[in-house]
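Enquirer: coords.cif is reproduced in full below (mmCIF, C-alpha atoms, pLDDT in the B column; chains and numbers go by the auth columns).
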data_input
loop_
_atom_site.group_PDB
_atom_site.id
_atom_site.type_symbol
_atom_site.label_atom_id
_atom_site.label_comp_id
_atom_site.label_asym_id
_atom_site.label_seq_id
_atom_site.Cartn_x
_atom_site.Cartn_y
_atom_site.Cartn_z
_atom_site.B_iso_or_equiv
_atom_site.auth_seq_id
_atom_site.auth_asym_id
ATOM 1 C CA MET A 1 -82.048 137.816 115.609 47.00 1 A
ATOM 2 C CA ARG A 2 -78.820 138.134 117.637 49.00 2 A
ATOM 3 C CA LEU A 3 -75.494 136.535 116.588 47.00 3 A
ATOM 4 C CA GLY A 4 -73.003 137.194 119.380 50.00 4 A
ATOM 5 C CA LYS A 5 -72.516 140.941 119.306 52.00 5 A
ATOM 6 C CA ILE A 6 -73.985 141.281 115.804 51.00 6 A
ATOM 7 C CA THR A 7 -77.652 142.180 115.545 57.00 7 A
ATOM 8 C CA LEU A 8 -79.506 141.681 112.285 58.00 8 A
ATOM 9 C CA SER A 9 -82.461 143.990 111.819 69.00 9 A
ATOM 10 C CA GLY A 10 -85.549 143.087 109.865 69.00 10 A
ATOM 11 C CA ALA A 11 -84.445 145.429 107.057 71.00 11 A
ATOM 12 C CA SER A 12 -81.042 143.694 106.806 70.00 12 A
ATOM 13 C CA ILE A 13 -82.676 140.277 106.585 73.00 13 A
ATOM 14 C CA ALA A 14 -85.123 141.527 103.943 73.00 14 A
ATOM 15 C CA LEU A 15 -82.254 142.998 101.892 73.00 15 A
ATOM 16 C CA LEU A 16 -80.337 139.720 102.131 70.00 16 A
ATOM 17 C CA VAL A 17 -83.374 137.747 100.963 70.00 17 A
ATOM 18 C CA ILE A 18 -83.867 140.100 98.000 75.00 18 A
ATOM 19 C CA GLN A 19 -80.204 139.807 96.976 73.00 19 A
ATOM 20 C CA LEU A 20 -80.332 136.015 97.166 70.00 20 A
ATOM 21 C CA ALA A 21 -83.523 136.017 95.093 64.00 21 A
ATOM 22 C CA VAL A 22 -81.939 138.214 92.405 66.00 22 A
ATOM 23 C CA VAL A 23 -78.833 136.001 92.198 63.00 23 A
ATOM 24 C CA SER A 24 -81.013 132.869 92.049 59.00 24 A
ATOM 25 C CA LEU A 25 -83.127 134.309 89.230 65.00 25 A
ATOM 26 C CA ILE A 26 -80.031 135.197 87.195 56.00 26 A
ATOM 27 C CA ALA A 27 -78.569 131.727 87.757 55.00 27 A
ATOM 28 C CA ALA A 28 -81.869 130.117 86.740 59.00 28 A
ATOM 29 C CA LYS A 29 -82.006 132.259 83.596 55.00 29 A
ATOM 30 C CA TYR A 30 -78.474 131.274 82.563 55.00 30 A
ATOM 31 C CA LEU A 31 -79.162 127.599 83.293 57.00 31 A
ATOM 32 C CA HIS A 32 -82.344 127.706 81.194 54.00 32 A
ATOM 33 C CA GLN A 33 -80.515 129.384 78.310 57.00 33 A
ATOM 34 C CA ARG A 34 -77.728 126.802 78.480 57.00 34 A
ATOM 35 C CA TRP A 35 -80.257 124.055 77.753 59.00 35 A
ATOM 36 C CA SER A 36 -82.595 125.950 75.417 62.00 36 A
ATOM 37 C CA CYS A 37 -80.308 128.191 73.325 79.00 37 A
ATOM 38 C CA PRO A 38 -78.151 127.020 70.392 89.00 38 A
ATOM 39 C CA ARG A 39 -74.750 125.621 71.348 92.00 39 A
ATOM 40 C CA VAL A 40 -71.684 125.568 69.130 95.00 40 A
ATOM 41 C CA TRP A 41 -67.922 125.003 69.218 95.00 41 A
ATOM 42 C CA THR A 42 -65.683 127.729 67.812 95.00 42 A
ATOM 43 C CA ARG A 43 -61.986 128.461 67.742 94.00 43 A
ATOM 44 C CA THR A 44 -60.700 131.080 70.150 92.00 44 A
ATOM 45 C CA ILE A 45 -57.782 133.448 70.679 87.00 45 A
ATOM 46 C CA VAL A 46 -56.882 133.411 74.364 81.00 46 A
ATOM 47 C CA TYR A 47 -54.679 135.107 76.926 70.00 47 A
ATOM 48 C CA ASP A 48 -54.378 134.477 80.671 60.00 48 A
ATOM 49 C CA PRO A 49 -54.746 137.628 82.784 59.00 49 A
ATOM 50 C CA GLU A 50 -55.209 137.656 86.537 55.00 50 A
ATOM 51 C CA MET A 51 -57.003 140.283 88.598 53.00 51 A
ATOM 52 C CA VAL A 52 -56.941 140.380 92.395 50.00 52 A
ATOM 53 C CA MET A 53 -60.659 141.187 92.625 48.00 53 A
ATOM 54 C CA ARG A 54 -61.830 138.712 89.982 54.00 54 A
ATOM 55 C CA GLY A 55 -59.500 135.753 90.304 61.00 55 A
ATOM 56 C CA ARG A 56 -57.882 133.819 87.505 75.00 56 A
ATOM 57 C CA TYR A 57 -59.590 133.526 84.165 79.00 57 A
ATOM 58 C CA LEU A 58 -58.921 133.107 80.445 83.00 58 A
ATOM 59 C CA SER A 59 -59.972 136.078 78.340 85.00 59 A
ATOM 60 C CA GLU A 60 -60.962 134.772 74.920 88.00 60 A
ATOM 61 C CA GLN A 61 -61.848 136.356 71.603 92.00 61 A
ATOM 62 C CA LEU A 62 -64.171 134.058 69.681 95.00 62 A
ATOM 63 C CA ILE A 63 -63.597 133.338 65.991 95.00 63 A
ATOM 64 C CA VAL A 64 -66.718 133.886 63.880 95.00 64 A
ATOM 65 C CA ASP A 65 -67.533 133.133 60.247 94.00 65 A
ATOM 66 C CA GLY A 66 -68.341 136.407 58.477 91.00 66 A
ATOM 67 C CA CYS A 67 -68.436 135.111 54.907 90.00 67 A
ATOM 68 C CA LYS A 68 -72.164 135.901 54.614 88.00 68 A
ATOM 69 C CA SER A 69 -71.526 139.499 55.634 83.00 69 A
ATOM 70 C CA THR A 70 -70.542 142.431 53.484 80.00 70 A
ATOM 71 C CA LEU A 71 -67.911 144.766 54.896 84.00 71 A
ATOM 72 C CA PRO A 72 -68.808 148.471 55.346 82.00 72 A
ATOM 73 C CA SER A 73 -66.895 149.229 52.121 83.00 73 A
ATOM 74 C CA ALA A 74 -66.514 146.924 49.113 78.00 74 A
ATOM 75 C CA LYS A 75 -62.912 148.174 48.788 82.00 75 A
ATOM 76 C CA GLU A 76 -62.120 146.459 52.086 86.00 76 A
ATOM 77 C CA ALA A 77 -62.844 142.984 50.700 82.00 77 A
ATOM 78 C CA ARG A 78 -60.729 141.065 48.211 84.00 78 A
ATOM 79 C CA MET A 79 -62.688 138.402 46.312 79.00 79 A
ATOM 80 C CA PRO A 80 -61.106 135.481 44.452 78.00 80 A
ATOM 81 C CA ARG A 81 -61.564 135.923 40.708 75.00 81 A
ATOM 82 C CA ASN A 82 -61.594 133.692 37.654 74.00 82 A
ATOM 83 C CA VAL A 83 -59.507 134.134 34.498 73.00 83 A
ATOM 84 C CA ASP A 84 -61.988 136.751 33.261 67.00 84 A
ATOM 85 C CA GLY A 85 -61.513 138.831 36.416 67.00 85 A
ATOM 86 C CA LEU A 86 -64.999 138.109 37.746 68.00 86 A
ATOM 87 C CA PRO A 87 -65.576 137.351 41.452 67.00 87 A
ATOM 88 C CA VAL A 88 -65.876 133.641 42.252 69.00 88 A
ATOM 89 C CA GLY A 89 -67.703 132.249 45.272 70.00 89 A
ATOM 90 C CA ALA A 90 -68.776 133.997 48.465 73.00 90 A
ATOM 91 C CA ARG A 91 -65.486 134.004 50.349 84.00 91 A
ATOM 92 C CA PHE A 92 -63.270 137.047 50.697 86.00 92 A
ATOM 93 C CA SER A 93 -60.236 138.281 52.593 89.00 93 A
ATOM 94 C CA VAL A 94 -59.867 141.608 54.349 88.00 94 A
ATOM 95 C CA ASN A 95 -58.108 144.177 52.173 87.00 95 A
ATOM 96 C CA ALA A 96 -57.585 147.091 54.548 86.00 96 A
ATOM 97 C CA ALA A 97 -54.679 148.936 56.141 86.00 97 A
ATOM 98 C CA GLN A 98 -56.168 148.506 59.630 89.00 98 A
ATOM 99 C CA ALA A 99 -58.834 146.446 61.380 88.00 99 A
ATOM 100 C CA VAL A 100 -62.387 146.883 60.079 90.00 100 A
ATOM 101 C CA ARG A 101 -65.091 146.901 62.777 90.00 101 A
ATOM 102 C CA PHE A 102 -68.828 146.541 62.335 90.00 102 A
ATOM 103 C CA PRO A 103 -71.913 145.584 64.407 91.00 103 A
ATOM 104 C CA ALA A 104 -73.401 142.201 63.600 92.00 104 A
ATOM 105 C CA THR A 105 -75.965 139.732 64.817 92.00 105 A
ATOM 106 C CA ILE A 106 -74.486 136.448 66.032 93.00 106 A
ATOM 107 C CA LYS A 107 -76.165 133.113 65.338 93.00 107 A
ATOM 108 C CA VAL A 108 -75.453 129.426 64.797 94.00 108 A
ATOM 109 C CA GLU A 109 -75.642 128.157 61.220 93.00 109 A
ATOM 110 C CA GLY A 110 -74.275 124.905 59.845 90.00 110 A
ATOM 111 C CA ASN A 111 -72.554 124.121 63.154 91.00 111 A
ATOM 112 C CA LYS A 112 -70.641 127.421 62.971 93.00 112 A
ATOM 113 C CA LEU A 113 -70.723 130.663 64.924 96.00 113 A
ATOM 114 C CA VAL A 114 -71.768 133.137 62.222 95.00 114 A
ATOM 115 C CA ALA A 115 -71.665 136.951 62.174 93.00 115 A
ATOM 116 C CA LEU A 116 -74.167 138.792 59.946 92.00 116 A
ATOM 117 C CA ARG A 117 -73.340 142.474 59.552 90.00 117 A
ATOM 118 C CA ILE A 118 -76.161 144.925 60.268 88.00 118 A
ATOM 119 C CA PRO A 119 -76.156 147.283 57.230 82.00 119 A
ATOM 120 C CA ASP A 120 -75.670 151.020 57.752 73.00 120 A
ATOM 121 C CA SER A 121 -75.146 150.621 61.501 64.00 121 A
ATOM 122 C CA GLU A 122 -71.481 151.634 61.881 64.00 122 A
ATOM 123 C CA ASN A 123 -72.282 155.215 62.896 64.00 123 A
ATOM 124 C CA VAL A 124 -75.352 154.411 65.004 61.00 124 A
ATOM 125 C CA GLN A 125 -74.927 155.038 68.749 67.00 125 A
ATOM 126 C CA PRO A 126 -75.708 153.130 70.808 69.00 126 A
ATOM 127 C CA MET A 127 -75.217 149.916 68.873 73.00 127 A
ATOM 128 C CA PRO A 128 -78.372 148.185 67.604 73.00 128 A
ATOM 129 C CA PRO A 129 -80.003 146.024 70.316 76.00 129 A
ATOM 130 C CA GLY A 130 -78.689 142.474 70.423 78.00 130 A
ATOM 131 C CA SER A 131 -75.683 143.221 68.212 87.00 131 A
ATOM 132 C CA GLN A 132 -72.020 142.405 68.831 91.00 132 A
ATOM 133 C CA MET A 133 -68.990 144.260 67.459 91.00 133 A
ATOM 134 C CA VAL A 134 -66.935 142.179 65.015 93.00 134 A
ATOM 135 C CA ALA A 135 -63.318 142.890 64.088 92.00 135 A
ATOM 136 C CA ALA A 136 -61.941 141.922 60.671 90.00 136 A
ATOM 137 C CA TRP A 137 -58.153 142.064 60.747 89.00 137 A
ATOM 138 C CA PRO A 138 -56.068 142.989 57.651 90.00 138 A
ATOM 139 C CA GLY A 139 -55.283 139.920 55.566 89.00 139 A
ATOM 140 C CA SER A 140 -57.617 137.593 57.480 91.00 140 A
ATOM 141 C CA SER A 141 -60.074 135.404 55.603 92.00 141 A
ATOM 142 C CA CYS A 142 -63.794 135.943 56.105 91.00 142 A
ATOM 143 C CA GLU A 143 -64.189 132.748 58.155 92.00 143 A
ATOM 144 C CA ASN A 144 -61.607 134.021 60.658 92.00 144 A
ATOM 145 C CA LEU A 145 -63.173 137.231 61.983 94.00 145 A
ATOM 146 C CA ARG A 146 -63.329 137.909 65.733 93.00 146 A
ATOM 147 C CA LEU A 147 -65.843 139.078 68.282 94.00 147 A
ATOM 148 C CA GLU A 148 -64.235 142.219 69.673 91.00 148 A
ATOM 149 C CA THR A 149 -65.565 141.822 73.230 89.00 149 A
ATOM 150 C CA PRO A 150 -63.818 138.847 74.849 89.00 150 A
ATOM 151 C CA VAL A 151 -65.534 136.072 76.793 89.00 151 A
ATOM 152 C CA ASP A 152 -64.151 135.316 80.255 87.00 152 A
ATOM 153 C CA PHE A 153 -63.669 131.672 81.268 86.00 153 A
ATOM 154 C CA TYR A 154 -62.859 131.286 84.973 82.00 154 A
ATOM 155 C CA ILE A 155 -60.472 128.548 86.072 81.00 155 A
ATOM 156 C CA PRO A 156 -58.966 127.357 89.373 78.00 156 A
ATOM 157 C CA GLU A 157 -55.967 129.308 90.622 76.00 157 A
ATOM 158 C CA HIS A 158 -53.374 126.570 90.027 76.00 158 A
ATOM 159 C CA ALA A 159 -54.915 124.916 86.946 76.00 159 A
ATOM 160 C CA ALA A 160 -52.495 124.196 84.110 76.00 160 A
ATOM 161 C CA ILE A 161 -53.427 125.582 80.701 74.00 161 A
ATOM 162 C CA PRO A 162 -51.891 124.820 77.300 68.00 162 A
ATOM 163 C CA SER A 163 -50.334 128.261 76.794 68.00 163 A
ATOM 164 C CA PRO A 164 -48.627 129.288 74.672 76.00 164 A
ATOM 165 C CA LEU A 165 -50.000 126.896 72.069 80.00 165 A
ATOM 166 C CA LYS A 166 -47.564 124.777 70.126 83.00 166 A
ATOM 167 C CA ALA A 167 -47.473 124.500 66.344 83.00 167 A
ATOM 168 C CA GLY A 168 -50.540 122.621 65.105 84.00 168 A
ATOM 169 C CA GLN A 169 -52.558 123.248 68.272 88.00 169 A
ATOM 170 C CA GLU A 170 -55.845 125.177 68.455 90.00 170 A
ATOM 171 C CA LEU A 171 -57.950 126.114 71.466 91.00 171 A
ATOM 172 C CA TRP A 172 -61.714 125.707 71.010 93.00 172 A
ATOM 173 C CA ILE A 173 -64.604 126.743 73.225 93.00 173 A
ATOM 174 C CA GLU A 174 -68.214 125.589 73.404 94.00 174 A
ATOM 175 C CA VAL A 175 -70.669 128.431 73.939 94.00 175 A
ATOM 176 C CA THR A 176 -74.377 129.033 74.112 93.00 176 A
ATOM 177 C CA VAL A 177 -75.754 131.849 71.948 92.00 177 A
ATOM 178 C CA PRO A 178 -78.577 133.659 73.808 89.00 178 A
ATOM 179 C CA PRO A 179 -81.113 135.909 72.043 85.00 179 A
ATOM 180 C CA LYS A 180 -79.373 138.976 73.516 83.00 180 A
ATOM 181 C CA GLY A 181 -75.888 139.570 74.814 84.00 181 A
ATOM 182 C CA PRO A 182 -72.577 137.862 74.056 87.00 182 A
ATOM 183 C CA PRO A 183 -72.092 134.093 73.795 92.00 183 A
ATOM 184 C CA ARG A 184 -71.636 132.364 77.150 91.00 184 A
ATOM 185 C CA PRO A 185 -68.827 129.837 77.713 91.00 185 A
ATOM 186 C CA ILE A 186 -69.430 126.198 78.666 91.00 186 A
ATOM 187 C CA GLN A 187 -66.194 124.269 78.211 90.00 187 A
ATOM 188 C CA LEU A 188 -62.817 124.282 76.447 91.00 188 A
ATOM 189 C CA ALA A 189 -61.050 121.736 74.271 91.00 189 A
ATOM 190 C CA LEU A 190 -57.598 121.471 72.728 90.00 190 A
ATOM 191 C CA LYS A 191 -57.275 120.412 69.103 90.00 191 A
ATOM 192 C CA ASP A 192 -53.813 119.005 68.552 88.00 192 A
ATOM 193 C CA ALA A 193 -52.847 117.639 65.121 81.00 193 A
ATOM 194 C CA GLY A 194 -56.440 116.588 64.484 80.00 194 A
ATOM 195 C CA ALA A 195 -56.957 115.002 67.927 86.00 195 A
ATOM 196 C CA TRP A 196 -59.668 116.514 70.125 86.00 196 A
ATOM 197 C CA ARG A 197 -59.192 116.677 73.910 88.00 197 A
ATOM 198 C CA PRO A 198 -61.696 118.395 76.257 87.00 198 A
ATOM 199 C CA LEU A 199 -59.938 120.337 79.045 85.00 199 A
ATOM 200 C CA ALA A 200 -61.105 119.580 82.582 79.00 200 A
ATOM 201 C CA PHE A 201 -59.502 122.109 84.921 70.00 201 A
ATOM 202 C CA GLN A 202 -58.835 120.838 88.444 56.00 202 A
#
Would you write the structure of this file as structure tokens?
Expert:
Amino acid sequence: MRLGKITLSGASIALLVIQLAVVSLIAAKYLHQRWSCPRVWTRTIVYDPEMVMRGRYLSEQLIVDGCKSTLPSAKEARMPRNVDGLPVGARFSVNAAQAVRFPATIKVEGNKLVALRIPDSENVQPMPPGSQMVAAWPGSSCENLRLETPVDFYIPEHAAIPSPLKAGQELWIEVTVPPKGPPRPIQLALKDAGAWRPLAFQ
């Protein structure tokens, strides 16, 4: 095949076909997982970086519920107690001088994104297959832990975003949770004083 002064060899065409096939297979896999894997809304912590090679995107840390997990050390969790000093309920807050990190499996339970710590895995390298690193910040409650690896949500170059958030506002993201790998973003919504507004970036 000859395009002006550019000649495409059979090897170049074959390589192009293979690359297109690989991209198509990945896209088909993600599309299948979007419809077949659990989906859930969760609150997110977001910032708005911009990279010349990647374009504009929101980098978001997802909030996960870790109340069914146990922290690596019992001393790092503060449990509510009754008048007799005995622990009450399953909730706890993080009682540590710095962030506590641990590998966990991520799943959807009760319409929440839930992190279940993998016991005795903190010093295992590489991390257990299918696990995600969770960060528990000092003073945070167990339902407000974070996935350490952020999720990138790409937006148009000139799209307006609600940042910084005003008092009473929360940014939420809908994600799919595949069997392996981090959650994958679908759409964003702004929760403002109880009102829910999906964000359509144009």
Enquirer: Given the file shown, enumerate the residues that the PyMOL selection byres ((chain A and resi 198) around 12) captures and present them as a list in words.
Expert: Trp41, Ile161, Pro162, Glu170, Leu171, Trp172, Ile173, Glu174, Ile186, Gln187, Leu188, Ala189, Leu190, Lys191, Asp192, Ala195, Trp196, Arg197, Leu199, Ala200 and Phe201 of chain A
Enquirer: Name the closest residue to Ser141 (chain A) among the candidates A:Leu116, A:Val94, A:Ala14, A:Leu62; distances are taken between atoms, counting only C-alpha atoms.
Expert: A:Val94
Enquirer: Please write out, as lines of an AutoDock Vina configuration file, where the centre of an axis-aligned box around all listed atoms of region 145-158 of chain A lies and how long its edges are, in Å to one decimal, after adding 8 Å on each side.
Expert:
center_x = -59.6
center_y = 134.4
center_z = 76.3
size_x = 28.5
size_y = 31.6
size_z = 44.6
Enquirer: Within 8 Å of Glu60 (chain A), counting all atoms listed in the file, which residues qualify if same-chain residues fewer than 3 places away don't, as a list in words?
Expert: Thr44, Ile45, Val46, Tyr47, Pro150, Val151, Asp152 and Phe153 of chain A
Enquirer: Please save C-alpha atoms of the selected residues as a CSV table (one decimal), in the coordinates of the input.
Expert:
chain,number,residue,atom,x,y,z
A,44,THR,CA,-60.7,131.1,70.2
A,45,ILE,CA,-57.8,133.4,70.7
A,46,VAL,CA,-56.9,133.4,74.4
A,47,TYR,CA,-54.7,135.1,76.9
A,150,PRO,CA,-63.8,138.8,74.8
A,151,VAL,CA,-65.5,136.1,76.8
A,152,ASP,CA,-64.2,135.3,80.3
A,153,PHE,CA,-63.7,131.7,81.3
Enquirer: Which residues, named as in the file, does the PyMOL selection byres ((chain A and resi 63-80) around 9) pick out? Answer as number ranges by chain.
Expert: A: 42-45, 61-62, 81-82, 85-97, 100-102, 104, 106, 112-120, 122, 134, 136, 138, 141-147
Enquirer: Which residue out of A:Ala160, A:Ile13, A:Val177, A:Val83 has the minimum interatomic distance to Cys37 (chain A) when only C-alpha atoms are used?
Expert: A:Val177
Enquirer: Would you compute the distance between CA of Leu165 (chain A) and CA of Gln98 (chain A)? Give it in Å to one decimal.
Expert: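 Atom-to-atom, CA of Leu165 (chain A) and CA of Gln98 (chain A) are spaced 25.7 Å apart.
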Enquirer: What's the separation between CA of Tyr57 (chain A) and CA of Arg184 (chain A), in Å to one decimal place?
Expert: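 So the answer is 14.0 Å.
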Enquirer: Record the distance separating CA of Arg56 (chain A) and CA of Pro164 (chain A), expressed in Å with one decimal.
Expert: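 Computing the Euclidean distance for CA of Arg56 (chain A) and CA of Pro164 (chain A) yields 16.5 Å.
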Enquirer: On this structure, the PyMOL selection byres ((chain A and resi 130) around 9) would catch which residues? List them as a list in words, sorted by chain and number.
Expert: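 Here the PyMOL selection byres ((chain A and resi 130) around 9) matches Ala104, Thr105, Ile106, Met127, Pro128, Pro129, Ser131, Gln132, Pro179, Lys180, Gly181 and Pro182 of chain A.
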Enquirer: Which is closest to Thr176 (chain A) among A:Ile18, A:Ala99, A:Val108, A:Leu58, if we use only C-alpha atoms?
Expert: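 Ranking A:Ile18, A:Ala99, A:Val108, A:Leu58 by distance to Thr176 (chain A), first place goes to A:Val108.
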